[in-house]
Amino acid sequence: MTATLSAPQSVTSWLGDEGEDLLTYQAKVSKDLLHLPGPDFLDRVFVQSDRSPQVLRSLRQLYSFGRLANTGYISILPVDQGIEHSAGASFAPNPIYFDSENIIKLAIEGGCNAVATTLGVLGSVSRKYAHKIPFIVKLNHNELLTVPNQYDQIMFASVEQAWNLGAVAVGATIYFGSENSTRQIQEVSQAFALAHEYGMATILWCYLRNSAFKQDKDYHLAADLTGQANHLGVTIEADIIKQKLPEINGGYAAVAKATGESYGKTDPKVYSELTTDHPIDLTRYQVLNCYAGRAGLINSGGASGKNDFAEAIRTAVINKRAGGTGLISGRKTFQRPFDEGVKLFHAIQDVYLSPEITIA
């Protein structure tokens, strides 16, 4: 039987002064409005949709593997930083991950539901591991070798290649707000439609990218803007949404003030009735924009640092209590010794396995 946390006290020790508040806070928007994760999530939510039996089978594979199997929650190892941030920047802290096989081994030992990485990584070991852990092929990337550096997600792989190597899902990134976002939306929408035809699930990295989002604060992390990015993501039928944990709000107003022009559309009730400054409320607004949880929200773990365990557990608690579906954790796990990476995954998963950590 899978081990679980016996009480939230062990989590509280990682959360520090925030512990009691994060574990007891009651969200402003009722959880009754959400489609919450659970063992019956696919039957309760996706069976109603236009997803084919083959897609449902692929989603079942994702949701029924690893330590979080059949809970409705997912834990994923993503490693496409070798392209996004250069292999040197990504793997120099732990050179064993220059070898693609060790990426797959970490996901398996870490008890993950799946591993999300590049066509090359998965293709290099697919015959050995495609039947041992669900594969997610990341189709597009931003490369930083062009001079000057440019920020644009371009297709590196095809849906057909992902299917041929045994993937159960494809992933892609859209830089919402960027000058190239319109093209990216069209490309990814077409790829996701084809992936569904092939019977694979779809996961969208819904990231914001524009210098206008950086003002007095970094509004790339604003709940109102990331929430709308999520809503655009589910519009093109992403089955799962990956988003950064929100830290602030008021992105629409900040961009309008900075540019001196009207920007986008929002409503005062977003800030008075649907959100507060509390991180659980900010994240719940992200969940609301995923069709109220019909598409699962997984938050990213962020960059590696000195307080990885505390930061990862904090993110997991916020995501779970907000009604999210799990965490996708990369650099915090693979940029440390292998055994520590496994322990960090288990610590994250224990948050979702603990019955004492409830939905706010």
# chains A, B, ... in the order shown; residues from 1 in each chain; ligands from 1
$ closest_atom_pairs --of "range 2-109 of chain A" --to "range 125-140 of chain A" --cutoff "8 Å" --atoms "only C-alpha atoms" --output "tab-separated table"
residue	atom	partner	partner_atom	distance
A:Gln61	CA	A:Pro134	CA	6.8
A:Leu62	CA	A:Pro134	CA	6.3
A:Phe65	CA	A:Ile133	CA	7.4
A:Asp80	CA	A:Lys138	CA	7.5
A:Ser100	CA	A:Val125	CA	7.7
A:Glu101	CA	A:Val125	CA	6.5
A:Ile104	CA	A:Tyr129	CA	7.7
A:Ile108	CA	A:Ile133	CA	6.8
$ residues_around --residues "Lys320 in chain A" --least-positions-apart "3" --cutoff "12 Å" --atoms "only C-alpha atoms" --output "number ranges by chain"
A: 22-23, 31, 36-38, 72-75, 245, 279-281, 283-284, 287, 293, 296-299, 313-317, 323-327, 348-360
$ closest_atom_pairs --of "range 227-346 of chain A" --to "range 46-58 of chain A" --cutoff "10 Å" --atoms "only C-alpha atoms" --output "CSV"
residue,atom,partner,partner_atom,distance
A:Glu237,CA,A:Arg51,CA,9.5
A:Asp239,CA,A:Phe46,CA,8.9
A:Arg294,CA,A:Phe46,CA,7.6
A:Ala295,CA,A:Phe46,CA,8.8
$ write_last_selection --atoms "all heavy atoms" --output "PDB file, in the first residue's frame"
ATOM      1  N   GLU A 237      -8.730  22.813 -26.531  1.00  0.00           N
ATOM      2  CA  GLU A 237      -8.913  21.441 -26.048  1.00  0.00           C
ATOM      3  C   GLU A 237      -7.648  20.814 -25.475  1.00  0.00           C
ATOM      4  O   GLU A 237      -7.371  19.631 -25.689  1.00  0.00           O
ATOM      5  CB  GLU A 237      -9.544  20.551 -27.120  1.00  0.00           C
ATOM      6  CG  GLU A 237     -10.979  20.942 -27.436  1.00  0.00           C
ATOM      7  CD  GLU A 237     -11.820  19.810 -27.996  1.00  0.00           C
ATOM      8  OE1 GLU A 237     -11.267  18.942 -28.708  1.00  0.00           O
ATOM      9  OE2 GLU A 237     -13.031  19.790 -27.701  1.00  0.00           O
ATOM     10  N   ASP A 239      -6.146  18.969 -22.566  1.00  0.00           N
ATOM     11  CA  ASP A 239      -6.747  18.136 -21.528  1.00  0.00           C
ATOM     12  C   ASP A 239      -6.221  18.491 -20.145  1.00  0.00           C
ATOM     13  O   ASP A 239      -6.904  18.302 -19.136  1.00  0.00           O
ATOM     14  CB  ASP A 239      -6.463  16.661 -21.815  1.00  0.00           C
ATOM     15  CG  ASP A 239      -7.036  16.212 -23.150  1.00  0.00           C
ATOM     16  OD1 ASP A 239      -8.179  16.597 -23.459  1.00  0.00           O
ATOM     17  OD2 ASP A 239      -6.334  15.498 -23.888  1.00  0.00           O
ATOM     18  N   ARG A 294     -12.566  21.217 -15.248  1.00  0.00           N
ATOM     19  CA  ARG A 294     -12.789  20.125 -16.210  1.00  0.00           C
ATOM     20  C   ARG A 294     -11.477  19.716 -16.875  1.00  0.00           C
ATOM     21  O   ARG A 294     -11.263  18.547 -17.198  1.00  0.00           O
ATOM     22  CB  ARG A 294     -13.812  20.530 -17.266  1.00  0.00           C
ATOM     23  CG  ARG A 294     -15.245  20.564 -16.749  1.00  0.00           C
ATOM     24  CD  ARG A 294     -16.218  20.911 -17.858  1.00  0.00           C
ATOM     25  NE  ARG A 294     -17.579  20.989 -17.347  1.00  0.00           N
ATOM     26  CZ  ARG A 294     -18.423  19.957 -17.252  1.00  0.00           C
ATOM     27  NH1 ARG A 294     -18.014  18.765 -17.641  1.00  0.00           N
ATOM     28  NH2 ARG A 294     -19.644  20.114 -16.774  1.00  0.00           N
ATOM     29  N   ALA A 295     -10.601  20.700 -17.109  1.00  0.00           N
ATOM     30  CA  ALA A 295      -9.217  20.413 -17.500  1.00  0.00           C
ATOM     31  C   ALA A 295      -8.363  20.621 -16.259  1.00  0.00           C
ATOM     32  O   ALA A 295      -8.459  21.658 -15.596  1.00  0.00           O
ATOM     33  CB  ALA A 295      -8.767  21.334 -18.630  1.00  0.00           C
TER      34      ALA A 295
END
$ closest_residue --among "A:Gly171, A:Phe334, A:Lys217, A:Asp40" --to "Asp99 in chain A" --atoms "only C-alpha atoms"
A:Phe334
$ select_by_dssp --residues "range 121-237 of chain A" --states "strand (DSSP E or B)" --output "MDAnalysis selection string"
chainID A and resid 135:138 140:141 154:155 169:176 201:208 214 218 222
$ write_last_selection --atoms "C-alpha atoms" --output "PDB file, in the first residue's frame"
ATOM      1  CA  PHE A 135       5.647   9.242 -22.318  1.00  0.00           C
ATOM      2  CA  ILE A 136       4.698  12.859 -23.085  1.00  0.00           C
ATOM      3  CA  VAL A 137       6.481  14.312 -26.123  1.00  0.00           C
ATOM      4  CA  LYS A 138       7.023  18.072 -25.941  1.00  0.00           C
ATOM      5  CA  ASN A 140       7.764  22.767 -29.531  1.00  0.00           C
ATOM      6  CA  HIS A 141      10.575  24.663 -27.851  1.00  0.00           C
ATOM      7  CA  ILE A 154       8.743  26.581 -32.808  1.00  0.00           C
ATOM      8  CA  MET A 155       7.858  23.005 -33.696  1.00  0.00           C
ATOM      9  CA  ALA A 169       0.309  12.397 -24.750  1.00  0.00           C
ATOM     10  CA  VAL A 170       1.862  15.415 -26.422  1.00  0.00           C
ATOM     11  CA  GLY A 171       2.756  18.733 -24.829  1.00  0.00           C
ATOM     12  CA  ALA A 172       3.346  22.197 -26.224  1.00  0.00           C
ATOM     13  CA  THR A 173       3.986  25.755 -25.063  1.00  0.00           C
ATOM     14  CA  ILE A 174       2.259  28.929 -26.180  1.00  0.00           C
ATOM     15  CA  TYR A 175       3.763  32.299 -25.250  1.00  0.00           C
ATOM     16  CA  PHE A 176       0.483  34.146 -24.789  1.00  0.00           C
ATOM     17  CA  ALA A 201      -3.913  13.290 -24.623  1.00  0.00           C
ATOM     18  CA  THR A 202      -2.803  16.942 -24.762  1.00  0.00           C
ATOM     19  CA  ILE A 203      -0.991  19.149 -22.232  1.00  0.00           C
ATOM     20  CA  LEU A 204      -0.445  22.877 -22.744  1.00  0.00           C
ATOM     21  CA  TRP A 205       2.197  25.041 -21.091  1.00  0.00           C
ATOM     22  CA  CYS A 206       0.171  28.314 -20.912  1.00  0.00           C
ATOM     23  CA  TYR A 207       2.955  30.833 -20.384  1.00  0.00           C
ATOM     24  CA  LEU A 208       2.893  34.609 -20.755  1.00  0.00           C
ATOM     25  CA  LYS A 214       7.064  43.410 -16.370  1.00  0.00           C
ATOM     26  CA  ASP A 218       6.247  40.747 -12.687  1.00  0.00           C
ATOM     27  CA  ALA A 222      -0.680  37.675 -12.304  1.00  0.00           C
TER      28      ALA A 222
END
$ closest_residue --among "A:Gln228, A:Gly341, A:Tyr252, A:Asp267" --to "Cys290 in chain A" --atoms "only C-alpha atoms"
A:Gln228
$ select_by_dssp --residues "range 12-71 of chain A" --states "alpha helix (DSSP H)" --output "list in words"
Thr12, Ser13, Trp14, Leu15, Gly19, Glu20, Asp21, Leu22, Leu23, Thr24, Phe41, Leu42, Asp43, Arg44, Pro53, Gln54, Val55, Leu56, Arg57, Ser58, Leu59, Arg60, Gln61, Leu62 and Tyr63 of chain A
$ atom_distance --atom1 "CA of Leu34 in chain A" --atom2 "CA of Gln286 in chain A"
11.5 Å
